[in-house]
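Engineer: Have a look at the structure that comes next, please.
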Amino acid sequence: MIDPFVLTVVFLPVVGYLLLLSLIRVSGRVLVTTGGRDLSALFFAMAGMVAIGPMQLFFPGASAALLGPYVWLPMLLLYVLICGLVVLTREPRLVVYGRTANELFPALLRSAQAIDSSAVGDERNAQVHLPQFGAHLKIEGHQGFDCVSVLAFEPMLPLSFWAHLLGQLRVQVRGIAPPSPRRGWGALFVALAMLFLLVRSVMGRGEQFVEGFREWLIR
């Protein structure tokens with residue numbers, strides 16, 4: 001039987017990630033965030049798998065003999081630095097959960113016009129042009145799916161532009177009615193099923209959980 005501590009480390013971040021996003025979608029709320037934060041949340045959900053998988057596989061035994069349990073600090077720092085590098089090298093974007101591309105387009109156009117009065121939109125291609133900034137925005141997402149991204153064709157737009165657009169978009173999406181029917185039920189069911197199985201596997205095995213934690217932390 002799998003160690004309860006291993007199960008908890010692997011699945012608890014994933015369950016938290018799925019629960020957060022599914023509850024936002026099922027409740028009809030909308031979440032507007034940056035691509036960097038969205039990717040960081042995904043890396044957090046994967047952290048348990050990385051700790052139990054690659055970190056265990058390439059565990060530095062010689063360093064552990066010298067540093068003891070503190071060897072995990074540089075390993076976690078290395079993971080954070082790798083994740084940070086990936087986030088910083090990705091193209092800027094905004095990510096919207098809880099609204100489809102068709103529902104988001106009017107809000108994006110109003111947001112663009114709030115920071116550039118001459119902004120115009122092309123609803124058929126889900127694109128918005130902001131002449132003052134020399135920017136062309138597009139909405140990227142699957143048809144009918146309530147998770148979309150807002151990207152720019154131009155790769156070198158300043159971060160201040162994205163910050164202004166983020167603030168305006170968060171204001172404009174408040175008036176958009178949630179999609180019908182609501183999405184996210186499948187992810188919510190999977191998250192609750194995983195949580196139930198995790199609790200069922202850990203209950204009554206407290207001593208094994210503590211022992212697994214000690215073996216994982218102290219080599």
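By convention here, the chains of the structure tokens are called A, B, ... in the order presented, each chain's residues are numbered starting at 1, and ligands are numbered starting at 1 in the order presented.
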Using only C-alpha atoms, which residues sit within 10 Å of Gln113 in chain A once same-chain residues fewer than 3 positions away are excluded, as number ranges by chain?
Structural biologist: A: 107-110, 116-121, 128-130, 165, 168
Engineer: Would you mind listing, for every residue of range 35-56 of chain A within 8 Å of range 89-95 of chain A, the two atoms forming the shortest contact and the distance between them in Å to one decimal, using only C-alpha atoms, sorted by chain and ascending residue number, as a Markdown table?
Structural biologist:
```
| residue | atom | partner | partner_atom | distance |
| --- | --- | --- | --- | --- |
| A:Gly35 | CA | A:Arg93 | CA | 5.0 |
| A:Gly36 | CA | A:Pro92 | CA | 7.6 |
| A:Asp38 | CA | A:Val95 | CA | 7.1 |
```
Engineer: From range 10-190 of chain A, collect each residue whose DSSP state is helix (DSSP H, G or I) and return the set as an MDAnalysis selection string.
Structural biologist: chainID A and resid 10:27 35:52 54:57 61:89 101:115 159:175 185:190
Engineer: Write out as a list in words the set of residues from range 88-213 of chain A that DSSP, computed on the backbone, places in strand (DSSP E).
Structural biologist: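 So the strand (DSSP E) residues in range 88-213 of chain A would be Leu94, Val95, Val96, Tyr97, Val120, Gly121, Asp122, Gln127, Val128, His129, Leu130, Ala135, His136, Leu137, Lys138, Ile139, Glu140, Cys147, Val148, Ser149, Val150, Leu151 and Ala152 of chain A.
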Engineer: I want to know what sits within 9 Å of Asn102 in chain A, based on only C-alpha atoms, with residues of the same chain fewer than 5 positions away left out; could you give that as number ranges by chain?
Structural biologist: A: 123, 126, 143-144
Engineer: For the residues in that selection, give me N, CA and C atoms as a PDB file, in the first residue's frame.
Structural biologist:
```
ATOM      1  N   GLU A 123     -15.099  41.609 -34.094  1.00  0.00           N
ATOM      2  CA  GLU A 123     -15.737  40.552 -33.314  1.00  0.00           C
ATOM      3  C   GLU A 123     -15.621  39.193 -33.986  1.00  0.00           C
ATOM      4  N   ALA A 126     -12.321  38.018 -33.129  1.00  0.00           N
ATOM      5  CA  ALA A 126     -12.043  38.208 -31.699  1.00  0.00           C
ATOM      6  C   ALA A 126     -10.740  38.967 -31.491  1.00  0.00           C
ATOM      7  N   GLN A 143     -13.875  26.988 -28.636  1.00  0.00           N
ATOM      8  CA  GLN A 143     -15.258  27.406 -28.744  1.00  0.00           C
ATOM      9  C   GLN A 143     -16.103  26.821 -27.617  1.00  0.00           C
ATOM     10  N   GLY A 144     -16.803  27.700 -26.891  1.00  0.00           N
ATOM     11  CA  GLY A 144     -17.689  27.257 -25.825  1.00  0.00           C
ATOM     12  C   GLY A 144     -16.999  26.934 -24.518  1.00  0.00           C
TER      13      GLY A 144
END
```
Engineer: To one decimal place in Å, what is the distance between CA of Thr100 in chain A and CA of Phe145 in chain A?
Structural biologist: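 About the pair CA of Thr100 in chain A and CA of Phe145 in chain A: they are 5.6 Å apart.
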